[in-house]
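With PDB, C-alpha atoms inside, this is input-v9.pdb:
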MODEL        1
ATOM      1  CA  MET L   1     -14.564  26.782  -4.698
ATOM      2  CA  TYR L   2     -11.460  26.343  -2.591
ATOM      3  CA  THR L   3     -10.975  29.009   0.071
ATOM      4  CA  HIS L   4      -7.256  28.777  -0.743
ATOM      5  CA  GLU L   5      -7.870  28.620  -4.487
ATOM      6  CA  LYS L   6      -4.637  30.393  -5.420
ATOM      7  CA  GLN L   7      -2.755  27.797  -3.395
ATOM      8  CA  VAL L   8      -4.228  24.808  -5.230
ATOM      9  CA  ILE L   9      -2.883  23.820  -8.638
ATOM     10  CA  GLN L  10      -5.259  21.861 -10.856
ATOM     11  CA  ALA L  11      -4.053  19.930 -13.895
ATOM     12  CA  GLY L  12      -4.961  16.961 -16.036
ATOM     13  CA  THR L  13      -8.566  16.362 -17.033
ATOM     14  CA  ALA L  14     -11.321  18.649 -15.783
ATOM     15  CA  VAL L  15     -13.109  17.058 -12.828
ATOM     16  CA  ALA L  16     -16.445  16.966 -14.655
ATOM     17  CA  GLN L  17     -14.920  14.845 -17.441
ATOM     18  CA  ALA L  18     -12.474  12.818 -15.304
ATOM     19  CA  LYS L  19     -12.857   9.185 -14.307
ATOM     20  CA  SER L  20     -10.725   9.670 -11.207
ATOM     21  CA  ALA L  21      -8.790  12.335  -9.331
ATOM     22  CA  ILE L  22      -5.320  12.402  -7.799
ATOM     23  CA  VAL L  23      -4.461  14.579  -4.809
ATOM     24  CA  LEU L  24      -0.694  15.189  -4.677
ATOM     25  CA  LEU L  25       0.958  16.369  -1.448
ATOM     26  CA  HIS L  26       4.474  17.774  -1.719
ATOM     27  CA  GLY L  27       7.297  17.388   0.789
ATOM     28  CA  ARG L  28       8.865  19.946   3.114
ATOM     29  CA  GLY L  29      10.602  22.710   1.201
ATOM     30  CA  SER L  30       9.079  21.631  -2.100
ATOM     31  CA  SER L  31       5.955  22.893  -3.845
ATOM     32  CA  ALA L  32       2.715  21.922  -5.501
ATOM     33  CA  GLN L  33       4.325  22.679  -8.840
ATOM     34  CA  GLY L  34       7.226  20.388  -7.997
ATOM     35  CA  ILE L  35       5.099  17.376  -7.023
ATOM     36  CA  LEU L  36       3.153  17.739 -10.271
ATOM     37  CA  SER L  37       6.151  16.223 -12.065
ATOM     38  CA  LEU L  38       4.940  12.854 -10.738
ATOM     39  CA  GLN L  39       2.182  12.906 -13.341
ATOM     40  CA  HIS L  40       4.822  12.006 -15.941
ATOM     41  CA  HIS L  41       5.789   8.841 -14.047
ATOM     42  CA  LEU L  42       2.448   7.522 -12.818
ATOM     43  CA  GLN L  43       0.205   5.695 -15.262
ATOM     44  CA  PHE L  44      -3.314   7.032 -15.278
ATOM     45  CA  THR L  45      -5.704   8.401 -17.869
ATOM     46  CA  ASP L  46      -8.661  10.762 -17.712
ATOM     47  CA  ALA L  47      -7.694  11.902 -14.217
ATOM     48  CA  ALA L  48      -8.044  15.302 -12.583
ATOM     49  CA  ILE L  49      -4.927  16.322 -10.647
ATOM     50  CA  VAL L  50      -5.122  18.532  -7.569
ATOM     51  CA  ALA L  51      -1.980  19.712  -5.775
ATOM     52  CA  PRO L  52      -2.437  22.023  -2.778
ATOM     53  CA  GLN L  53       0.447  24.285  -1.783
ATOM     54  CA  ALA L  54       1.606  24.377   1.843
ATOM     55  CA  THR L  55       2.147  27.768   3.446
ATOM     56  CA  ASN L  56       5.857  28.605   3.219
ATOM     57  CA  ASN L  57       6.354  25.195   1.562
ATOM     58  CA  THR L  58       5.891  23.355   4.879
ATOM     59  CA  TRP L  59       2.790  21.531   6.100
ATOM     60  CA  TYR L  60       3.922  21.588   9.748
ATOM     61  CA  PRO L  61       7.078  22.982  11.404
ATOM     62  CA  HIS L  62       8.774  20.030  13.103
ATOM     63  CA  SER L  63       9.536  16.377  12.436
ATOM     64  CA  PHE L  64       6.534  14.115  11.981
ATOM     65  CA  MET L  65       7.939  12.165  14.950
ATOM     66  CA  ALA L  66       7.618  15.189  17.263
ATOM     67  CA  PRO L  67       4.733  15.364  19.754
ATOM     68  CA  VAL L  68       1.585  16.369  17.878
ATOM     69  CA  ASP L  69       1.059  19.509  19.970
ATOM     70  CA  GLN L  70       4.459  20.816  18.846
ATOM     71  CA  ASN L  71       3.230  20.788  15.242
ATOM     72  CA  GLN L  72       0.028  22.652  16.047
ATOM     73  CA  PRO L  73      -1.839  24.603  14.844
ATOM     74  CA  ALA L  74      -0.157  23.989  11.494
ATOM     75  CA  LEU L  75      -0.956  20.264  11.439
ATOM     76  CA  ASP L  76      -4.676  20.762  12.022
ATOM     77  CA  SER L  77      -4.678  23.487   9.385
ATOM     78  CA  ALA L  78      -2.959  21.169   6.891
ATOM     79  CA  LEU L  79      -5.424  18.367   7.586
ATOM     80  CA  ALA L  80      -8.286  20.829   7.116
ATOM     81  CA  ARG L  81      -6.813  21.859   3.764
ATOM     82  CA  ILE L  82      -6.847  18.250   2.571
ATOM     83  CA  ASP L  83     -10.394  17.814   3.827
ATOM     84  CA  GLU L  84     -11.390  20.892   1.853
ATOM     85  CA  VAL L  85      -9.880  19.405  -1.299
ATOM     86  CA  PHE L  86     -11.882  16.199  -0.863
ATOM     87  CA  ALA L  87     -15.056  18.154  -0.090
ATOM     88  CA  GLU L  88     -14.620  20.284  -3.210
ATOM     89  CA  LEU L  89     -14.007  17.214  -5.368
ATOM     90  CA  ALA L  90     -17.168  15.635  -3.937
ATOM     91  CA  THR L  91     -19.252  18.691  -4.814
ATOM     92  CA  GLN L  92     -18.000  18.303  -8.391
ATOM     93  CA  GLY L  93     -19.131  14.687  -8.511
ATOM     94  CA  MET L  94     -15.847  13.013  -7.547
ATOM     95  CA  PRO L  95     -16.327  10.978  -4.336
ATOM     96  CA  ALA L  96     -13.399   9.727  -2.240
ATOM     97  CA  GLU L  97     -13.745   6.220  -3.674
ATOM     98  CA  GLN L  98     -12.595   7.629  -7.030
ATOM     99  CA  VAL L  99      -9.708   9.659  -5.571
ATOM    100  CA  TYR L 100      -6.060   8.650  -5.217
ATOM    101  CA  LEU L 101      -4.104  10.266  -2.379
ATOM    102  CA  VAL L 102      -0.355  10.471  -3.051
ATOM    103  CA  GLY L 103       2.410  12.169  -1.082
ATOM    104  CA  PHE L 104       6.165  12.308  -0.667
ATOM    105  CA  SER L 105       8.043  12.680   2.644
ATOM    106  CA  GLN L 106       6.218  15.268   4.776
ATOM    107  CA  GLY L 107       3.380  15.071   2.253
ATOM    108  CA  ALA L 108       3.343  11.271   2.565
ATOM    109  CA  CYS L 109       3.042  11.556   6.342
ATOM    110  CA  LEU L 110       0.203  14.038   5.952
ATOM    111  CA  ALA L 111      -1.534  11.781   3.419
ATOM    112  CA  LEU L 112      -1.435   8.774   5.746
ATOM    113  CA  GLU L 113      -2.498  10.833   8.769
ATOM    114  CA  TYR L 114      -5.439  12.353   6.914
ATOM    115  CA  ALA L 115      -6.545   9.008   5.511
ATOM    116  CA  ALA L 116      -6.309   7.226   8.876
ATOM    117  CA  ARG L 117      -8.390   9.942  10.520
ATOM    118  CA  HIS L 118     -10.942   9.662   7.697
ATOM    119  CA  ALA L 119     -10.810   5.964   6.876
ATOM    120  CA  ARG L 120     -13.195   5.159   4.011
ATOM    121  CA  ARG L 121     -12.895   3.667   0.570
ATOM    122  CA  TYR L 122     -10.350   5.544  -1.531
ATOM    123  CA  ARG L 123      -9.248   4.630  -5.050
ATOM    124  CA  GLY L 124      -5.746   4.172  -3.662
ATOM    125  CA  ILE L 125      -3.105   5.718  -1.396
ATOM    126  CA  VAL L 126       0.634   6.012  -2.038
ATOM    127  CA  ALA L 127       3.067   7.232   0.615
ATOM    128  CA  PHE L 128       6.544   7.656  -0.836
ATOM    129  CA  THR L 129       8.583   7.641   2.422
ATOM    130  CA  GLY L 130       6.095   8.399   5.186
ATOM    131  CA  GLY L 131       4.320   7.238   8.323
ATOM    132  CA  LEU L 132       1.613   8.316  10.734
ATOM    133  CA  ILE L 133       2.318  11.476  12.710
ATOM    134  CA  GLY L 134       3.287  11.895  16.373
ATOM    135  CA  ALA L 135       5.909  10.967  18.959
ATOM    136  CA  THR L 136       3.576   8.121  19.865
ATOM    137  CA  LEU L 137       0.507   7.172  17.872
ATOM    138  CA  ASP L 138      -2.892   7.833  19.436
ATOM    139  CA  HIS L 139      -5.075   5.040  18.085
ATOM    140  CA  THR L 140      -8.217   6.889  19.178
ATOM    141  CA  SER L 141      -7.512   9.494  16.466
ATOM    142  CA  TYR L 142      -8.008   6.917  13.732
ATOM    143  CA  GLN L 143     -11.484   5.786  12.784
ATOM    144  CA  GLY L 144     -13.596   4.470   9.945
ATOM    145  CA  ASP L 145     -13.207   1.597   7.479
ATOM    146  CA  PHE L 146     -10.922   1.644   4.450
ATOM    147  CA  ASP L 147     -13.006  -1.129   2.869
ATOM    148  CA  GLU L 148      -9.901  -2.778   1.354
ATOM    149  CA  THR L 149      -8.443   0.421  -0.093
ATOM    150  CA  PRO L 150      -5.029  -0.438  -1.590
ATOM    151  CA  VAL L 151      -2.184   1.385   0.176
ATOM    152  CA  LEU L 152       1.497   1.443  -0.777
ATOM    153  CA  ILE L 153       4.206   2.719   1.582
ATOM    154  CA  THR L 154       7.792   2.820   0.328
ATOM    155  CA  ALA L 155      11.074   3.993   1.868
ATOM    156  CA  GLY L 156      14.794   3.378   2.088
ATOM    157  CA  ASP L 157      16.045   1.015   4.767
ATOM    158  CA  HIS L 158      18.037   3.717   6.567
ATOM    159  CA  ASP L 159      16.089   6.867   5.742
ATOM    160  CA  ALA L 160      17.208   9.708   8.022
ATOM    161  CA  HIS L 161      13.675  11.096   8.370
ATOM    162  CA  VAL L 162      11.348   8.084   8.550
ATOM    163  CA  PRO L 163      12.264   5.101  10.779
ATOM    164  CA  LEU L 164      11.250   1.642   9.607
ATOM    165  CA  ALA L 165       9.597   0.973  12.978
ATOM    166  CA  ARG L 166       7.151   3.828  12.340
ATOM    167  CA  ILE L 167       6.356   2.546   8.865
ATOM    168  CA  GLU L 168       5.595  -0.891  10.295
ATOM    169  CA  GLU L 169       3.454   0.552  13.079
ATOM    170  CA  SER L 170       1.588   2.715  10.600
ATOM    171  CA  ALA L 171       0.955  -0.219   8.278
ATOM    172  CA  THR L 172      -0.461  -2.240  11.178
ATOM    173  CA  ILE L 173      -2.916   0.517  12.096
ATOM    174  CA  LEU L 174      -4.023   0.960   8.496
ATOM    175  CA  ARG L 175      -4.608  -2.787   8.175
ATOM    176  CA  GLN L 176      -6.666  -2.732  11.373
ATOM    177  CA  LEU L 177      -8.818  -0.093   9.694
ATOM    178  CA  GLY L 178      -9.400  -2.379   6.709
ATOM    179  CA  ALA L 179      -6.743  -1.256   4.230
ATOM    180  CA  GLN L 180      -4.811  -3.607   1.956
ATOM    181  CA  VAL L 181      -1.292  -2.377   2.748
ATOM    182  CA  THR L 182       1.922  -3.137   0.895
ATOM    183  CA  THR L 183       5.235  -1.877   2.256
ATOM    184  CA  GLU L 184       8.382  -1.925   0.154
ATOM    185  CA  ILE L 185      11.766  -1.082   1.667
ATOM    186  CA  TYR L 186      14.733  -0.404  -0.619
ATOM    187  CA  PRO L 187      18.322  -0.948   0.575
ATOM    188  CA  GLY L 188      20.348   2.249   0.459
ATOM    189  CA  LYS L 189      17.669   4.320  -1.279
ATOM    190  CA  PRO L 190      18.176   8.078  -0.878
ATOM    191  CA  HIS L 191      15.413  10.386   0.349
ATOM    192  CA  SER L 192      13.742  10.740  -3.041
ATOM    193  CA  ILE L 193      11.254   8.963  -5.290
ATOM    194  CA  SER L 194      12.908   6.312  -7.450
ATOM    195  CA  ALA L 195      11.815   4.790 -10.743
ATOM    196  CA  ASP L 196      11.325   1.467  -8.950
ATOM    197  CA  GLU L 197       8.842   3.090  -6.571
ATOM    198  CA  THR L 198       6.744   4.653  -9.307
ATOM    199  CA  LEU L 199       6.809   1.373 -11.230
ATOM    200  CA  LEU L 200       5.520  -0.435  -8.136
ATOM    201  CA  ALA L 201       2.849   2.214  -7.614
ATOM    202  CA  ASN L 202       1.733   1.773 -11.212
ATOM    203  CA  THR L 203       1.565  -1.999 -10.746
ATOM    204  CA  LEU L 204      -0.231  -2.071  -7.395
ATOM    205  CA  ILE L 205      -2.253   1.135  -7.230
ATOM    206  CA  PHE L 206      -2.733   2.727 -10.661
ATOM    207  CA  GLN L 207      -4.188  -0.275 -12.426
TER
ENDMDL
END

Would you write out, as structure tokens, the structure that this file holds?
Amino acid sequence: MYTHEKQVIQAGTAVAQAKSAIVLLHGRGSSAQGILSLQHHLQFTDAAIVAPQATNNTWYPHSFMAPVDQNQPALDSALARIDEVFAELATQGMPAEQVYLVGFSQGACLALEYAARHARRYRGIVAFTGGLIGATLDHTSYQGDFDETPVLITAGDHDAHVPLARIEESATILRQLGAQVTTEIYPGKPHSISADETLLANTLIFQ
């Protein structure tokens, strides 16, 4: 059982009957309930959906581009929460290789950071506007082998929160860890998830 069970929303198919699972990470100021709306836009069947809720609707207090120590201890706590979700899924017979990890904005950054620190085969990873966390990226924090896990990172070309340079740097690190990374940058896209992005995720990740 989750130690933060009341802060984890579960939907979709029961894990015991599911063919896959999807972990959804919401953005700053949003909620687990809010990110669940993605289930109506992503194409999957027989999947368990798990959406943890961040304390006070924020996974960590400052920008993901701030020095890591400025986002502590909240960042480590958030990463531990995600690890707990994966551990609980595994105990129910759902290993990481059958789990999709999907996040938006702050949740997308957290998804990529968690995955890079625990590189292994996942079913797929989608970061709607996100990048790895820190003022500078400490490559020694990232380890493992993604074993060709498909990863999609999307963003607008002038997003106020996530610079393109960080997306590119993040994609390079993920590729070095063995991921199959696709980045898609949309001219003038606002800080939200567009229909084009979910369509691309369905095409590349949720096959």

Practice problem: Quick one: residues within 10 Å of (4.8, 21.1, -9.2) (file frame), counting all atoms listed in the file, please, as a PyMOL selection string. | Solution: chain L and resi 9+24-26+30-39+51-53

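Here the PyMOL selection byres ((chain L and resi 148) around 6) captures the residues L:Phe146, L:Asp147, L:Thr149, L:Gly178, L:Ala179, L:Gln180.
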
Quiz item: Which one of L:Val8, L:Ser194, L:Phe44, L:Lys19 sits closest to Val85 (chain L) if you count only C-alpha atoms?
Solution: L:Val8

Quiz item: Hey, what comes out of the PyMOL selection byres ((chain L and resi 198-202) around 10) on this file? Could you write it as a list in words?
Solution: Leu38, His41, Leu42, Gln43, Phe44, Val102, Gly124, Ile125, Val126, Ala127, Phe128, Val151, Leu152, Ile153, Thr154, Glu184, Ile193, Ser194, Ala195, Asp196, Glu197, Thr203, Leu204, Ile205, Phe206 and Gln207 of chain L

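CA of Arg117 (chain L) is positioned 5.7 Å from CA of Gln143 (chain L).
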
Once you've located region 48-169 of chain L in the structure I gave, write it as a PDB file, in the first residue's frame, keeping C-alpha atoms.
ATOM      1  CA  ALA L  48      -4.165   1.101 -14.763  1.00  0.00           C
ATOM      2  CA  ILE L  49      -3.794   4.840 -14.138  1.00  0.00           C
ATOM      3  CA  VAL L  50      -1.943   6.184 -11.111  1.00  0.00           C
ATOM      4  CA  ALA L  51      -1.767   9.918 -10.394  1.00  0.00           C
ATOM      5  CA  PRO L  52       0.049  11.009  -7.224  1.00  0.00           C
ATOM      6  CA  GLN L  53      -0.828  14.380  -5.709  1.00  0.00           C
ATOM      7  CA  ALA L  54       1.952  16.824  -4.814  1.00  0.00           C
ATOM      8  CA  THR L  55       1.835  18.473  -1.404  1.00  0.00           C
ATOM      9  CA  ASN L  56       0.225  21.903  -1.803  1.00  0.00           C
ATOM     10  CA  ASN L  57       0.003  21.177  -5.551  1.00  0.00           C
ATOM     11  CA  THR L  58       3.756  21.713  -6.024  1.00  0.00           C
ATOM     12  CA  TRP L  59       6.447  19.055  -6.378  1.00  0.00           C
ATOM     13  CA  TYR L  60       9.267  21.478  -5.500  1.00  0.00           C
ATOM     14  CA  PRO L  61       9.234  25.205  -4.638  1.00  0.00           C
ATOM     15  CA  HIS L  62      11.398  26.917  -7.259  1.00  0.00           C
ATOM     16  CA  SER L  63      12.055  26.769 -10.988  1.00  0.00           C
ATOM     17  CA  PHE L  64      13.435  23.496 -12.298  1.00  0.00           C
ATOM     18  CA  MET L  65      16.388  25.584 -13.526  1.00  0.00           C
ATOM     19  CA  ALA L  66      17.284  26.657  -9.971  1.00  0.00           C
ATOM     20  CA  PRO L  67      20.218  24.999  -8.181  1.00  0.00           C
ATOM     21  CA  VAL L  68      19.100  21.582  -6.950  1.00  0.00           C
ATOM     22  CA  ASP L  69      19.817  22.402  -3.300  1.00  0.00           C
ATOM     23  CA  GLN L  70      17.331  25.286  -3.469  1.00  0.00           C
ATOM     24  CA  ASN L  71      14.565  22.797  -4.279  1.00  0.00           C
ATOM     25  CA  GLN L  72      15.451  20.486  -1.407  1.00  0.00           C
ATOM     26  CA  PRO L  73      14.168  18.644   0.517  1.00  0.00           C
ATOM     27  CA  ALA L  74      11.011  18.809  -1.591  1.00  0.00           C
ATOM     28  CA  LEU L  75      12.684  17.458  -4.736  1.00  0.00           C
ATOM     29  CA  ASP L  76      14.071  14.369  -3.017  1.00  0.00           C
ATOM     30  CA  SER L  77      10.691  13.809  -1.393  1.00  0.00           C
ATOM     31  CA  ALA L  78       8.948  14.057  -4.777  1.00  0.00           C
ATOM     32  CA  LEU L  79      11.388  11.621  -6.367  1.00  0.00           C
ATOM     33  CA  ALA L  80      10.827   9.233  -3.458  1.00  0.00           C
ATOM     34  CA  ARG L  81       7.074   9.472  -4.021  1.00  0.00           C
ATOM     35  CA  ILE L  82       7.487   8.406  -7.647  1.00  0.00           C
ATOM     36  CA  ASP L  83       9.784   5.579  -6.607  1.00  0.00           C
ATOM     37  CA  GLU L  84       7.127   4.421  -4.165  1.00  0.00           C
ATOM     38  CA  VAL L  85       4.542   4.363  -6.947  1.00  0.00           C
ATOM     39  CA  PHE L  86       6.783   2.186  -9.117  1.00  0.00           C
ATOM     40  CA  ALA L  87       7.596  -0.098  -6.182  1.00  0.00           C
ATOM     41  CA  GLU L  88       3.905  -0.538  -5.376  1.00  0.00           C
ATOM     42  CA  LEU L  89       3.077  -1.292  -9.009  1.00  0.00           C
ATOM     43  CA  ALA L  90       5.870  -3.887  -9.059  1.00  0.00           C
ATOM     44  CA  THR L  91       4.492  -5.623  -5.972  1.00  0.00           C
ATOM     45  CA  GLN L  92       1.173  -5.900  -7.821  1.00  0.00           C
ATOM     46  CA  GLY L  93       2.841  -7.560 -10.791  1.00  0.00           C
ATOM     47  CA  MET L  94       3.395  -4.473 -12.955  1.00  0.00           C
ATOM     48  CA  PRO L  95       7.139  -4.024 -13.633  1.00  0.00           C
ATOM     49  CA  ALA L  96       8.611  -0.764 -14.952  1.00  0.00           C
ATOM     50  CA  GLU L  97       8.865  -2.189 -18.471  1.00  0.00           C
ATOM     51  CA  GLN L  98       5.050  -2.184 -18.599  1.00  0.00           C
ATOM     52  CA  VAL L  99       4.670   1.328 -17.146  1.00  0.00           C
ATOM     53  CA  TYR L 100       4.321   4.623 -19.008  1.00  0.00           C
ATOM     54  CA  LEU L 101       5.575   7.742 -17.221  1.00  0.00           C
ATOM     55  CA  VAL L 102       3.820  10.937 -18.343  1.00  0.00           C
ATOM     56  CA  GLY L 103       4.051  14.476 -16.993  1.00  0.00           C
ATOM     57  CA  PHE L 104       3.266  18.078 -17.832  1.00  0.00           C
ATOM     58  CA  SER L 105       5.452  21.104 -16.994  1.00  0.00           C
ATOM     59  CA  GLN L 106       6.801  20.666 -13.450  1.00  0.00           C
ATOM     60  CA  GLY L 107       5.511  17.092 -13.600  1.00  0.00           C
ATOM     61  CA  ALA L 108       7.310  16.562 -16.919  1.00  0.00           C
ATOM     62  CA  CYS L 109      10.569  17.764 -15.376  1.00  0.00           C
ATOM     63  CA  LEU L 110      10.062  15.431 -12.432  1.00  0.00           C
ATOM     64  CA  ALA L 111       9.265  12.524 -14.765  1.00  0.00           C
ATOM     65  CA  LEU L 112      12.461  13.009 -16.770  1.00  0.00           C
ATOM     66  CA  GLU L 113      14.576  13.518 -13.643  1.00  0.00           C
ATOM     67  CA  TYR L 114      13.210  10.381 -12.001  1.00  0.00           C
ATOM     68  CA  ALA L 115      13.648   8.301 -15.143  1.00  0.00           C
ATOM     69  CA  ALA L 116      17.217   9.502 -15.753  1.00  0.00           C
ATOM     70  CA  ARG L 117      18.166   8.667 -12.173  1.00  0.00           C
ATOM     71  CA  HIS L 118      16.565   5.227 -12.576  1.00  0.00           C
ATOM     72  CA  ALA L 119      17.289   4.439 -16.212  1.00  0.00           C
ATOM     73  CA  ARG L 120      15.812   1.050 -17.151  1.00  0.00           C
ATOM     74  CA  ARG L 121      13.329  -0.220 -19.676  1.00  0.00           C
ATOM     75  CA  TYR L 122      10.013   1.607 -19.391  1.00  0.00           C
ATOM     76  CA  ARG L 123       6.998   1.131 -21.653  1.00  0.00           C
ATOM     77  CA  GLY L 124       7.371   4.775 -22.648  1.00  0.00           C
ATOM     78  CA  ILE L 125       7.957   8.289 -21.305  1.00  0.00           C
ATOM     79  CA  VAL L 126       6.195  11.501 -22.334  1.00  0.00           C
ATOM     80  CA  ALA L 127       7.308  14.920 -21.102  1.00  0.00           C
ATOM     81  CA  PHE L 128       4.867  17.608 -22.194  1.00  0.00           C
ATOM     82  CA  THR L 129       7.114  20.697 -21.769  1.00  0.00           C
ATOM     83  CA  GLY L 130       9.938  19.599 -19.483  1.00  0.00           C
ATOM     84  CA  GLY L 131      13.644  18.982 -19.018  1.00  0.00           C
ATOM     85  CA  LEU L 132      16.096  17.602 -16.491  1.00  0.00           C
ATOM     86  CA  ILE L 133      16.348  19.503 -13.218  1.00  0.00           C
ATOM     87  CA  GLY L 134      19.084  21.841 -11.961  1.00  0.00           C
ATOM     88  CA  ALA L 135      20.943  25.059 -12.744  1.00  0.00           C
ATOM     89  CA  THR L 136      23.544  22.815 -14.344  1.00  0.00           C
ATOM     90  CA  LEU L 137      23.082  19.111 -14.938  1.00  0.00           C
ATOM     91  CA  ASP L 138      25.165  16.712 -12.853  1.00  0.00           C
ATOM     92  CA  HIS L 139      25.740  13.760 -15.165  1.00  0.00           C
ATOM     93  CA  THR L 140      26.864  11.609 -12.234  1.00  0.00           C
ATOM     94  CA  SER L 141      23.260  11.646 -10.948  1.00  0.00           C
ATOM     95  CA  TYR L 142      22.056   9.742 -13.996  1.00  0.00           C
ATOM     96  CA  GLN L 143      22.693   6.033 -14.303  1.00  0.00           C
ATOM     97  CA  GLY L 144      21.363   2.820 -15.774  1.00  0.00           C
ATOM     98  CA  ASP L 145      20.254   1.777 -19.263  1.00  0.00           C
ATOM     99  CA  PHE L 146      16.938   2.720 -20.847  1.00  0.00           C
ATOM    100  CA  ASP L 147      17.276  -0.226 -23.243  1.00  0.00           C
ATOM    101  CA  GLU L 148      15.715   1.764 -26.117  1.00  0.00           C
ATOM    102  CA  THR L 149      12.756   3.062 -24.114  1.00  0.00           C
ATOM    103  CA  PRO L 150      10.806   5.467 -26.360  1.00  0.00           C
ATOM    104  CA  VAL L 151      10.787   9.023 -24.985  1.00  0.00           C
ATOM    105  CA  LEU L 152       8.866  12.027 -26.309  1.00  0.00           C
ATOM    106  CA  ILE L 153       9.621  15.595 -25.200  1.00  0.00           C
ATOM    107  CA  THR L 154       7.448  18.404 -26.553  1.00  0.00           C
ATOM    108  CA  ALA L 155       7.366  22.168 -25.963  1.00  0.00           C
ATOM    109  CA  GLY L 156       6.722  25.542 -27.534  1.00  0.00           C
ATOM    110  CA  ASP L 157       9.633  27.314 -29.182  1.00  0.00           C
ATOM    111  CA  HIS L 158       9.540  30.249 -26.754  1.00  0.00           C
ATOM    112  CA  ASP L 159       8.130  28.670 -23.605  1.00  0.00           C
ATOM    113  CA  ALA L 160       8.653  31.012 -20.645  1.00  0.00           C
ATOM    114  CA  HIS L 161       9.427  28.148 -18.251  1.00  0.00           C
ATOM    115  CA  VAL L 162      11.462  25.608 -20.233  1.00  0.00           C
ATOM    116  CA  PRO L 163      14.327  26.805 -22.485  1.00  0.00           C
ATOM    117  CA  LEU L 164      14.983  24.879 -25.683  1.00  0.00           C
ATOM    118  CA  ALA L 165      18.662  24.540 -24.735  1.00  0.00           C
ATOM    119  CA  ARG L 166      17.677  22.531 -21.648  1.00  0.00           C
ATOM    120  CA  ILE L 167      15.398  20.283 -23.675  1.00  0.00           C
ATOM    121  CA  GLU L 168      18.236  19.576 -26.100  1.00  0.00           C
ATOM    122  CA  GLU L 169      20.702  18.912 -23.291  1.00  0.00           C
TER     123      GLU L 169
END
